[in-house]
file model_22.tsv (TSV, C-alpha atoms and all ligand atoms)
chain	number	residue	atom	x	y	z
A	91	MET	CA	97.70	78.79	120.47
A	92	LYS	CA	97.13	75.61	122.49
A	93	VAL	CA	96.12	72.30	120.87
A	94	ALA	CA	95.18	69.23	122.92
A	95	MET	CA	95.03	65.57	121.86
A	96	ALA	CA	91.35	65.38	122.86
A	97	ASP	CA	88.71	67.98	123.70
A	98	LEU	CA	85.89	66.20	125.48
A	99	PRO	CA	84.21	69.40	126.74
A	100	ALA	CA	83.92	70.56	123.10
A	101	GLN	CA	82.39	67.20	122.13
A	102	TYR	CA	79.93	67.52	125.01
A	103	ALA	CA	79.01	71.09	124.08
A	104	GLY	CA	78.01	69.93	120.60
A	105	LEU	CA	75.54	67.37	121.99
A	106	LYS	CA	74.66	68.95	125.31
A	107	ASN	CA	70.86	68.97	125.04
A	108	ASP	CA	70.58	65.36	123.87
A	109	LEU	CA	73.14	64.07	126.37
A	110	ASP	CA	71.62	65.93	129.31
A	111	ARG	CA	68.15	64.63	128.49
A	112	ALA	CA	69.37	61.04	128.00
A	113	VAL	CA	71.25	60.97	131.31
A	114	LEU	CA	68.44	62.65	133.28
A	115	ASP	CA	65.92	60.18	131.84
A	116	VAL	CA	68.01	57.29	133.14
A	117	LEU	CA	68.37	58.94	136.55
A	118	ALA	CA	64.59	59.39	136.77
A	119	SER	CA	63.90	55.82	135.61
A	120	GLY	CA	65.63	54.17	138.56
A	121	GLN	CA	66.92	51.46	136.17
A	122	TYR	CA	70.69	51.75	136.35
A	123	GLY	CA	72.24	48.39	135.51
A	124	LEU	CA	71.87	46.27	132.38
A	125	THR	CA	68.65	47.72	130.98
A	126	THR	CA	66.79	48.19	127.72
A	127	ALA	CA	69.11	51.19	127.16
A	128	THR	CA	72.02	48.72	127.15
A	129	ALA	CA	70.20	46.27	124.86
A	130	GLU	CA	69.33	49.00	122.36
A	131	PHE	CA	72.91	50.20	122.20
A	132	GLU	CA	74.23	46.62	121.87
A	133	THR	CA	71.92	46.00	118.92
A	134	ALA	CA	72.91	49.25	117.22
A	135	VAL	CA	76.66	48.61	117.56
A	136	ALA	CA	76.36	44.98	116.46
A	137	ARG	CA	74.50	46.09	113.32
A	138	LYS	CA	77.08	48.80	112.61
A	139	CYS	CA	79.94	46.33	112.96
A	140	GLY	CA	78.29	43.63	110.87
A	141	VAL	CA	77.50	40.95	113.47
A	142	ARG	CA	74.47	39.52	115.28
A	143	HIS	CA	75.57	39.94	118.90
A	144	GLY	CA	77.01	42.75	120.98
A	145	ILE	CA	77.61	42.12	124.69
A	146	GLY	CA	78.09	45.35	126.65
A	147	LEU	CA	80.74	45.33	129.38
A	148	ASN	CA	82.63	47.53	131.84
A	149	SER	CA	85.62	48.09	129.60
A	150	GLY	CA	87.63	47.04	126.59
A	151	THR	CA	89.91	45.19	128.99
A	152	ASP	CA	86.96	43.07	130.15
A	153	ALA	CA	86.01	42.45	126.53
A	154	LEU	CA	89.44	40.86	125.98
A	155	LEU	CA	89.23	38.93	129.25
A	156	LEU	CA	85.80	37.48	128.53
A	157	SER	CA	86.62	36.58	124.91
A	158	LEU	CA	89.62	34.59	126.10
A	159	LEU	CA	87.59	33.07	128.95
A	160	ALA	CA	84.89	31.97	126.51
A	161	LEU	CA	87.46	29.90	124.59
A	162	ASP	CA	88.05	27.61	127.62
A	163	LEU	CA	91.83	27.67	127.32
A	164	LYS	CA	94.18	25.97	129.77
A	165	PRO	CA	97.17	27.38	131.63
A	166	GLY	CA	100.21	27.30	129.39
A	167	ASP	CA	98.18	27.54	126.18
A	168	GLU	CA	99.73	30.09	123.85
A	169	VAL	CA	98.04	33.12	122.34
A	170	ILE	CA	99.95	35.01	119.66
A	171	THR	CA	99.66	38.79	119.78
A	172	THR	CA	101.55	42.00	119.11
A	173	PRO	CA	104.02	43.63	121.51
A	174	PHE	CA	103.13	47.05	120.08
A	175	THR	CA	99.75	47.75	121.67
A	176	PHE	CA	98.12	49.04	124.82
A	177	VAL	CA	99.07	46.63	127.58
A	178	ALA	CA	95.54	45.25	128.15
A	179	THR	CA	95.85	43.02	125.09
A	180	ALA	CA	98.73	40.96	126.47
A	181	GLU	CA	97.76	41.53	130.09
A	182	MET	CA	94.47	39.63	129.85
A	183	ILE	CA	96.25	36.68	128.20
A	184	ALA	CA	98.76	36.59	131.06
A	185	LEU	CA	96.16	37.18	133.76
A	186	LEU	CA	94.35	33.99	132.73
A	187	GLY	CA	97.56	31.97	133.10
A	188	LEU	CA	97.92	31.70	129.33
A	189	THR	CA	101.21	32.47	127.59
A	190	PRO	CA	101.42	35.57	125.42
A	191	VAL	CA	103.66	34.91	122.41
A	192	PHE	CA	104.75	38.10	120.72
A	193	ALA	CA	105.06	38.33	116.95
A	194	ASP	CA	106.58	41.36	115.25
A	195	ILE	CA	104.69	44.11	113.46
A	196	ASP	CA	104.65	45.32	109.89
A	197	SER	CA	106.77	48.48	109.64
A	198	ALA	CA	104.27	50.31	107.40
A	199	THR	CA	101.06	49.79	109.41
A	200	PHE	CA	102.28	48.97	112.96
A	201	ASN	CA	99.92	45.95	112.85
A	202	LEU	CA	100.84	42.26	113.16
A	203	ASP	CA	103.13	40.84	110.48
A	204	THR	CA	101.40	37.66	109.28
A	205	ALA	CA	104.67	36.01	108.25
A	206	ASP	CA	106.06	36.40	111.76
A	207	VAL	CA	102.79	35.14	113.28
A	208	ALA	CA	103.18	32.02	111.13
A	209	ARG	CA	106.73	31.53	112.46
A	210	LYS	CA	105.49	31.79	116.07
A	211	ILE	CA	102.81	29.08	115.79
A	212	THR	CA	103.58	25.96	117.87
A	213	ALA	CA	101.68	22.85	118.95
A	214	ARG	CA	100.45	24.84	121.98
A	215	THR	CA	99.05	27.81	120.05
A	216	ARG	CA	95.32	28.17	120.73
A	217	ALA	CA	94.39	31.61	119.36
A	218	ILE	CA	95.68	34.64	117.46
A	219	LEU	CA	94.90	38.09	118.85
A	220	PRO	CA	95.59	40.87	116.33
A	221	VAL	CA	95.12	44.51	117.33
A	222	HIS	CA	93.70	46.99	114.84
A	223	LEU	CA	96.01	49.79	115.89
A	224	PHE	CA	95.51	53.54	115.50
A	225	GLY	CA	92.27	53.11	113.50
A	226	GLN	CA	93.11	50.63	110.79
A	227	MET	CA	92.63	46.91	110.64
A	228	ALA	CA	95.45	44.41	110.56
A	229	ASP	CA	95.81	42.46	107.32
A	230	MET	CA	92.87	40.24	108.24
A	231	ASP	CA	92.67	38.69	104.80
A	232	GLU	CA	96.12	37.12	105.27
A	233	LEU	CA	95.68	36.50	109.00
A	234	SER	CA	92.35	34.74	108.61
A	235	ARG	CA	93.76	32.54	105.87
A	236	LEU	CA	96.61	31.57	108.20
A	237	ALA	CA	94.22	31.02	111.12
A	238	ALA	CA	91.95	28.86	108.98
A	239	THR	CA	94.78	26.58	107.83
A	240	GLN	CA	95.75	26.03	111.49
A	241	ASP	CA	92.15	25.89	112.76
A	242	LEU	CA	92.86	28.74	115.23
A	243	PRO	CA	90.25	31.25	116.40
A	244	LEU	CA	90.90	34.97	115.97
A	245	ILE	CA	90.13	37.61	118.56
A	246	GLY	CA	90.32	41.10	117.06
A	247	ASP	CA	91.16	43.93	119.48
A	248	ALA	CA	89.19	46.78	117.89
A	249	ALA	CA	89.40	49.18	120.85
A	250	GLN	CA	90.84	51.73	118.39
A	251	ALA	CA	88.92	50.57	115.33
A	252	ILE	CA	85.15	51.05	115.61
A	253	GLY	CA	83.85	52.00	112.16
A	254	CYS	CA	86.77	50.34	110.34
A	255	GLU	CA	86.47	48.09	107.31
A	256	HIS	CA	88.87	45.74	105.57
A	257	GLN	CA	88.13	44.73	101.98
A	258	ASN	CA	84.55	45.96	102.26
A	259	ARG	CA	83.79	43.91	105.35
A	260	ALA	CA	83.06	45.62	108.67
A	261	VAL	CA	85.41	45.20	111.60
A	262	GLY	CA	83.22	42.64	113.41
A	263	GLN	CA	83.12	40.25	110.47
A	264	TRP	CA	86.72	39.08	110.50
A	265	SER	CA	87.16	37.42	113.91
A	266	ARG	CA	85.31	35.00	116.13
A	267	PHE	CA	85.31	37.77	118.74
A	268	THR	CA	85.90	41.47	118.22
A	269	THR	CA	86.48	43.65	121.27
A	270	LEU	CA	85.61	47.34	121.60
A	271	SER	CA	86.44	49.99	124.19
A	272	PHE	CA	84.35	53.07	124.94
A	273	PHE	CA	87.01	54.77	127.07
A	274	PRO	CA	86.23	58.51	126.81
A	275	THR	CA	89.01	59.34	124.33
A	276	LYS	CA	88.32	56.46	121.93
A	277	ASN	CA	86.56	57.33	118.65
A	278	LEU	CA	83.26	56.50	120.36
A	279	GLY	CA	83.68	57.34	124.03
A	280	ALA	CA	81.43	57.03	127.08
A	281	ALA	CA	81.33	59.43	130.04
A	282	GLY	CA	83.37	56.88	131.96
A	283	ASP	CA	84.26	53.28	131.16
A	284	GLY	CA	82.62	50.87	128.76
A	285	GLY	CA	83.38	48.05	126.37
A	286	MET	CA	81.78	45.37	124.23
A	287	VAL	CA	82.43	42.00	122.65
A	288	LEU	CA	81.01	41.40	119.19
A	289	THR	CA	80.39	37.93	117.79
A	290	ASP	CA	78.34	36.35	115.07
A	291	ASP	CA	78.17	33.02	116.89
A	292	ASP	CA	74.85	32.50	118.71
A	293	ASP	CA	76.25	30.05	121.27
A	294	LEU	CA	79.28	32.18	122.11
A	295	GLY	CA	77.09	35.28	122.35
A	296	GLU	CA	74.93	33.45	124.89
A	297	LYS	CA	77.99	32.26	126.78
A	298	LEU	CA	79.38	35.80	126.98
A	299	ARG	CA	76.07	37.00	128.47
A	300	TYR	CA	76.49	34.42	131.22
A	301	LEU	CA	80.16	35.23	131.75
A	302	ARG	CA	79.55	38.95	132.28
A	303	PHE	CA	77.15	38.20	135.11
A	304	HIS	CA	78.89	35.64	137.32
A	305	GLY	CA	78.14	32.79	134.93
A	306	SER	CA	74.45	33.17	135.65
A	307	LYS	CA	71.23	34.43	134.17
A	308	GLY	CA	70.32	36.05	137.48
A	309	THR	CA	68.63	32.94	138.85
A	310	TYR	CA	71.33	32.11	141.43
A	311	GLN	CA	72.15	29.09	139.27
A	312	TYR	CA	75.76	29.21	138.05
A	313	LYS	CA	76.68	27.60	134.77
A	314	TYR	CA	80.19	29.06	134.41
A	315	VAL	CA	82.75	30.86	136.55
A	316	GLY	CA	82.39	34.44	135.36
A	317	ILE	CA	82.86	38.01	136.53
A	318	CYS	CA	80.71	41.11	137.03
A	319	SER	CA	80.98	43.39	134.02
A	320	ARG	CA	78.18	45.47	132.59
A	321	LEU	CA	77.70	48.46	130.35
A	322	ASP	CA	75.37	50.37	132.65
A	323	ALA	CA	72.31	52.35	131.66
A	324	ILE	CA	73.87	55.81	131.93
A	325	GLN	CA	76.86	54.89	129.78
A	326	SER	CA	74.58	53.13	127.28
A	327	ALA	CA	72.36	56.21	127.04
A	328	VAL	CA	75.36	58.50	126.51
A	329	LEU	CA	76.80	56.18	123.87
A	330	SER	CA	73.45	55.88	122.05
A	331	VAL	CA	73.36	59.67	121.68
A	332	LYS	CA	76.90	59.69	120.29
A	333	LEU	CA	76.76	56.64	117.98
A	334	PRO	CA	74.83	58.39	115.16
A	335	HIS	CA	77.68	60.95	114.99
A	336	LEU	CA	80.49	58.42	114.76
A	337	ASP	CA	80.67	58.34	110.96
A	338	ASP	CA	80.94	62.13	110.78
A	339	TRP	CA	83.60	62.17	113.49
A	340	ASN	CA	85.61	59.48	111.73
A	341	GLU	CA	85.30	61.43	108.47
A	342	ALA	CA	86.58	64.55	110.24
A	343	ARG	CA	89.57	62.56	111.52
A	344	ARG	CA	90.29	61.34	107.96
A	345	LYS	CA	90.13	64.93	106.66
A	346	ASN	CA	92.57	66.09	109.34
A	347	ALA	CA	94.88	63.20	108.44
A	348	ALA	CA	94.70	64.04	104.73
A	349	PHE	CA	95.54	67.66	105.54
A	350	TYR	CA	98.65	66.61	107.50
A	351	ASN	CA	99.74	64.12	104.81
A	352	GLU	CA	99.67	66.94	102.28
A	353	ALA	CA	101.36	69.42	104.62
A	354	PHE	CA	104.25	67.03	105.34
A	355	LEU	CA	104.90	65.90	101.75
A	356	ASP	CA	108.15	67.84	101.49
A	357	VAL	CA	109.35	67.27	105.06
A	358	THR	CA	112.20	64.80	105.09
A	359	GLY	CA	112.81	63.08	108.39
A	360	ILE	CA	109.24	62.01	109.08
A	361	VAL	CA	107.10	59.22	107.68
A	362	THR	CA	103.35	59.85	107.54
A	363	PRO	CA	100.83	57.07	108.28
A	364	CYS	CA	100.27	54.45	105.60
A	365	THR	CA	96.79	53.11	104.87
A	366	LEU	CA	96.75	49.49	103.74
A	367	VAL	CA	94.99	49.01	100.37
A	368	GLY	CA	91.41	47.87	101.09
A	369	ASN	CA	91.29	49.50	104.54
A	370	VAL	CA	88.93	52.20	105.75
A	371	HIS	CA	91.13	54.08	108.24
A	372	THR	CA	89.47	55.92	111.13
A	373	PHE	CA	92.60	57.61	112.54
A	374	HIS	CA	92.17	56.95	116.22
A	375	GLN	CA	95.72	58.29	116.17
A	376	TYR	CA	97.67	60.10	113.50
A	377	THR	CA	101.09	58.62	114.11
A	378	LEU	CA	104.29	59.86	112.57
A	379	ARG	CA	107.59	58.07	112.48
A	380	VAL	CA	110.42	60.43	113.31
A	381	ALA	CA	113.83	59.30	112.08
A	382	ASP	CA	117.37	59.97	113.29
A	383	GLY	CA	116.56	60.00	117.02
A	384	LYS	CA	114.73	63.32	116.75
A	385	ARG	CA	111.37	62.12	118.11
A	386	ASP	CA	111.79	63.39	121.66
A	387	ALA	CA	113.18	66.73	120.45
A	388	LEU	CA	110.18	67.19	118.15
A	389	ARG	CA	107.84	66.34	121.02
A	390	GLN	CA	109.53	68.95	123.22
A	391	PHE	CA	109.43	71.55	120.43
A	392	LEU	CA	105.70	70.94	119.98
A	393	ALA	CA	105.11	71.21	123.74
A	394	ASP	CA	107.08	74.47	123.86
A	395	HIS	CA	104.70	75.82	121.21
A	396	GLY	CA	101.51	74.64	122.93
A	397	VAL	CA	100.91	71.50	120.85
A	398	ALA	CA	100.20	68.26	122.73
A	399	SER	CA	101.41	64.95	121.35
A	400	GLY	CA	101.55	61.35	122.54
A	401	ILE	CA	103.90	58.40	122.35
A	402	TYR	CA	101.85	55.27	121.71
A	403	TYR	CA	103.71	53.22	122.73
A	404	PRO	CA	107.08	54.02	124.32
A	405	GLY	CA	108.09	50.42	124.99
A	406	ALA	CA	107.44	47.09	123.27
A	407	LEU	CA	105.67	44.73	125.68
A	408	HIS	CA	108.02	41.75	125.34
A	409	LEU	CA	110.74	43.87	126.99
A	410	GLN	CA	108.65	45.17	129.92
A	411	ASP	CA	109.32	43.85	133.43
A	412	ALA	CA	105.91	42.17	133.68
A	413	TYR	CA	106.30	40.30	130.37
A	414	ARG	CA	110.02	39.48	130.13
A	415	LYS	CA	109.36	36.21	131.92
A	416	TYR	CA	107.84	34.90	128.70
A	417	GLY	CA	111.34	34.94	127.29
A	418	GLY	CA	111.39	38.20	125.39
A	419	GLN	CA	114.77	39.63	124.49
A	420	SER	CA	115.95	42.74	122.80
A	421	GLY	CA	115.95	42.09	119.04
A	422	ASP	CA	113.12	39.54	119.10
A	423	CYS	CA	110.64	41.96	117.52
A	424	PRO	CA	112.90	44.51	115.83
A	425	GLU	CA	110.13	46.45	114.09
A	426	ALA	CA	108.13	46.86	117.30
A	427	GLU	CA	111.26	47.99	119.12
A	428	ARG	CA	112.12	50.50	116.36
A	429	ALA	CA	108.52	51.81	116.33
A	430	ALA	CA	108.61	52.39	120.10
A	431	ALA	CA	111.64	54.64	119.57
A	432	GLU	CA	110.26	56.53	116.56
A	433	VAL	CA	106.49	57.07	116.87
A	434	LEU	CA	104.81	60.34	117.71
A	435	SER	CA	101.05	60.91	117.55
A	436	ILE	CA	99.80	64.45	116.94
A	437	PRO	CA	96.28	65.87	117.47
A	438	VAL	CA	93.76	64.47	114.94
A	439	MET	CA	90.53	64.69	116.97
A	440	PRO	CA	87.34	65.65	115.09
A	441	GLU	CA	86.99	68.81	117.22
A	442	LEU	CA	90.22	70.24	115.78
A	443	THR	CA	89.53	73.61	114.14
A	444	GLY	CA	91.03	74.52	110.78
A	445	ALA	CA	93.23	77.08	112.52
A	446	GLN	CA	94.45	74.50	115.02
A	447	ARG	CA	95.42	71.85	112.51
A	448	GLY	CA	97.12	74.49	110.38
A	449	TYR	CA	99.09	75.56	113.44
A	450	VAL	CA	100.05	71.96	114.31
A	451	ALA	CA	101.28	71.36	110.76
A	452	GLU	CA	103.21	74.66	110.72
A	453	THR	CA	104.85	73.85	114.04
A	454	VAL	CA	105.99	70.41	112.87
A	455	ARG	CA	107.34	71.95	109.66
A	456	ALA	CA	109.10	74.68	111.62
A	457	PHE	CA	110.98	72.05	113.66
A	458	PHE	CA	112.46	70.48	110.52
A	459	HIS	CA	113.06	73.71	108.63
A	460	ARG	CA	114.73	75.68	111.39
A	501	LIG	C1	91.93	51.26	125.08
A	501	LIG	C2	92.44	49.94	124.68
A	501	LIG	C3	92.15	48.78	125.40
A	501	LIG	C4	91.48	48.79	126.75
A	501	LIG	O1	90.25	49.39	126.78
A	501	LIG	P1	89.69	49.93	128.20
A	501	LIG	O2	88.27	50.26	127.87
A	501	LIG	O3	90.51	51.10	128.57
A	501	LIG	O4	89.79	48.82	129.16
A	501	LIG	C5	92.58	47.56	124.90
A	501	LIG	N1	93.29	47.48	123.76
A	501	LIG	C6	93.62	48.58	123.05
A	501	LIG	C7	94.38	48.41	121.79
A	501	LIG	C8	93.21	49.84	123.50
A	501	LIG	O5	93.56	50.92	122.78
call {"tool": "encode", "arguments": {"input": "model_22.tsv", "output": "structure tokens"}}
result
Amino acid sequence: MKVAMADLPAQYAGLKNDLDRAVLDVLASGQYGLTTATAEFETAVARKCGVRHGIGLNSGTDALLLSLLALDLKPGDEVITTPFTFVATAEMIALLGLTPVFADIDSATFNLDTADVARKITARTRAILPVHLFGQMADMDELSRLAATQDLPLIGDAAQAIGCEHQNRAVGQWSRFTTLSFFPTKNLGAAGDGGMVLTDDDDLGEKLRYLRFHGSKGTYQYKYVGICSRLDAIQSAVLSVKLPHLDDWNEARRKNAAFYNEAFLDVTGIVTPCTLVGNVHTFHQYTLRVADGKRDALRQFLADHGVASGIYYPGALHLQDAYRKYGGQSGDCPEAERAAAEVLSIPVMPELTGAQRGYVAETVRAFFHR
């Protein structure tokens, strides 16, 4: 048997008629840029995530870039974030000439450790950028209390967390900006690239609409220096067909995760994912910790038996060539460094069949019980 991490053709097959019609309608309309299809999707996502404004963009990377740009920060200003994330989070901070300051993660959830964030705050700190990794939110209750005492804005990177909640509040309701990605393999994926910034602030929502279109409203008058970033009509139409299925897909991911948790109860040598009390987890990834240096051997064993897996992420960012110049040294973020050596994500996609997930679980068990 072969099991992949994602099966986009299977997802397409399930929605083929609706997707084909939606895409062909856009092609026939001749309206391909930012259109009513975009606006409808923005409204639907904003409502789902509990905020007033959704600004559709090219990518989740652009969503981070424009959120930071909207804060009007100056070169050298510090933004505290996690070193255990997809690179875009820190990359957009650095690209704007700002200084990424890495705080360590919590060993149980892989998300930012609020106590270490507090230790990293200086007179130059201008924002805190938590990532809601693998499908569960960072401890936003603690982080927002800390941010409020220091009068710092929060930007939540929710590229992996659409549909998440923390203490009964939707993912968009905890940060000044919340960024989403619609990369094809995310829980809600386009047929190409897409992203969005969510905000409840009317003025910032308006500013983001300028920033995504060269700082203009299309009048050849330029209020800000911006970029060109839009969620185009075809991607918006595809995403609007998929959005109503997101809750079911996330539920299917949770069921797969629960199945694995049960199947691995008696396996010593791995730690199954921990869901923070008060979190609704959407399992963008189902990530095991593999102790005793056996991670790579388990990955190879799975591959030999046809089971795909992924290492998210194999290196903490503060130790990467591009980010070492911010002063990162081995041992600075010990939990992030340990996680990079121990994590292994196994298939948890909603399209997984019962037979497939049973086979994945059996194969993992076989490795430890050889
Ligand atoms: C996917 C991802 C991004 C970037 O999104 P793109 O749409 O690929 O640009 C940013 N942050 C995190 C945590 C991600 O997982």
call {"tool": "residues_near_point", "arguments": {"input": "model_22.tsv", "point": "(67.1, 57.2, 134.4)", "cutoff": "12 Å", "atoms": "all atoms listed in the file", "output": "number ranges by chain"}}
result
A: 110-123, 125-127, 322-328
call {"tool": "residues_around", "arguments": {"input": "model_22.tsv", "residues": "region 367-375 of chain A", "least_positions_apart": "2", "cutoff": "8 Å", "atoms": "all atoms listed in the file", "output": "PyMOL selection string"}}
result
chain A and resi 224-227+250-258+276-277+340-341+343-344+347+365+377+435-439
call {"tool": "atom_distance", "arguments": {"input": "model_22.tsv", "atom1": "CA of Leu147 (chain A)", "atom2": "CA of Gly284 (chain A)"}}
result
5.9 Å
call {"tool": "closest_residue", "arguments": {"input": "model_22.tsv", "among": "A:Tyr300, A:Phe176, A:Phe458, A:Phe272", "to": "Asp382 (chain A)", "atoms": "only C-alpha atoms"}}
result
A:Phe458
call {"tool": "axis_aligned_box", "arguments": {"input": "model_22.tsv", "around": "region 438-449 of chain A", "padding_each_side": "6 Å", "output": "lines of an AutoDock Vina configuration file"}}
result
center_x = 93.0
center_y = 70.8
center_z = 113.8
size_x = 24.1
size_y = 24.6
size_z = 18.8
call {"tool": "closest_residue", "arguments": {"input": "model_22.tsv", "among": "A:Pro99, A:Gly144, A:Gly246, A:Gly285", "to": "ligand LIG 501 (chain A)", "atoms": "all atoms listed in the file"}}
result
A:Gly285
call {"tool": "residues_near_ligand", "arguments": {"input": "model_22.tsv", "ligand": "ligand LIG 501 (chain A)", "cutoff": "8 Å", "atoms": "only C-alpha atoms and all ligand atoms", "output": "VMD selection string"}}
result
chain A and resid 148 to 154 175 to 179 221 to 224 247 to 250 270 to 273 276 283 to 285
call {"tool": "closest_residue", "arguments": {"input": "model_22.tsv", "among": "A:Asp394, A:Leu278, A:Ile245, A:Gln263", "to": "Asp337 (chain A)", "atoms": "all atoms listed in the file"}}
result
A:Leu278
call {"tool": "decode", "arguments": {"input": "model_22.tsv", "residues": "region 365-372 of chain A", "atoms": "all heavy atoms", "output": "CSV table (one decimal), in the first residue's frame"}}
result
chain,number,residue,atom,x,y,z
A,365,THR,N,-2.9,18.6,22.7
A,365,THR,CA,-3.8,19.7,22.4
A,365,THR,C,-4.0,20.5,23.6
A,365,THR,O,-4.4,20.0,24.7
A,365,THR,CB,-5.2,19.2,21.9
A,365,THR,OG1,-5.0,18.4,20.7
A,365,THR,CG2,-6.2,20.3,21.6
A,366,LEU,N,-3.7,21.8,23.6
A,366,LEU,CA,-3.8,22.7,24.7
A,366,LEU,C,-5.2,22.8,25.1
A,366,LEU,O,-6.1,22.9,24.3
A,366,LEU,CB,-3.3,24.1,24.2
A,366,LEU,CG,-3.0,25.1,25.3
A,366,LEU,CD1,-1.8,24.8,26.1
A,366,LEU,CD2,-2.8,26.5,24.7
A,367,VAL,N,-5.5,22.8,26.5
A,367,VAL,CA,-6.9,22.9,27.0
A,367,VAL,C,-7.5,24.2,26.4
A,367,VAL,O,-6.8,25.3,26.4
A,367,VAL,CB,-6.9,22.9,28.5
A,367,VAL,CG1,-8.3,23.2,29.0
A,367,VAL,CG2,-6.3,21.6,29.0
A,368,GLY,N,-8.7,24.2,25.9
A,368,GLY,CA,-9.3,25.4,25.3
A,368,GLY,C,-9.1,25.5,23.8
A,368,GLY,O,-9.6,26.5,23.2
A,369,ASN,N,-8.3,24.7,23.2
A,369,ASN,CA,-8.0,24.8,21.8
A,369,ASN,C,-8.9,23.8,21.0
A,369,ASN,O,-9.1,22.7,21.4
A,369,ASN,CB,-6.5,24.4,21.5
A,369,ASN,CG,-5.6,25.7,21.4
A,369,ASN,OD1,-6.1,26.8,21.6
A,369,ASN,ND2,-4.4,25.4,21.2
A,370,VAL,N,-9.3,24.3,19.8
A,370,VAL,CA,-9.9,23.4,18.8
A,370,VAL,C,-8.8,23.2,17.8
A,370,VAL,O,-8.3,24.1,17.1
A,370,VAL,CB,-11.1,24.1,18.1
A,370,VAL,CG1,-11.5,23.2,16.9
A,370,VAL,CG2,-12.2,24.3,19.1
A,371,HIS,N,-8.3,22.0,17.7
A,371,HIS,CA,-7.1,21.6,16.9
A,371,HIS,C,-7.6,21.2,15.5
A,371,HIS,O,-8.6,20.4,15.5
A,371,HIS,CB,-6.4,20.5,17.6
A,371,HIS,CG,-4.9,20.3,17.2
A,371,HIS,ND1,-4.5,20.4,15.9
A,371,HIS,CD2,-3.8,20.1,17.9
A,371,HIS,CE1,-3.2,20.2,15.9
A,371,HIS,NE2,-2.7,20.0,17.1
A,372,THR,N,-7.0,21.6,14.5
A,372,THR,CA,-7.4,21.2,13.1
A,372,THR,C,-6.4,20.4,12.4
A,372,THR,O,-6.5,20.1,11.2
A,372,THR,CB,-7.7,22.5,12.3
A,372,THR,OG1,-6.5,23.3,12.2
A,372,THR,CG2,-8.9,23.3,12.8
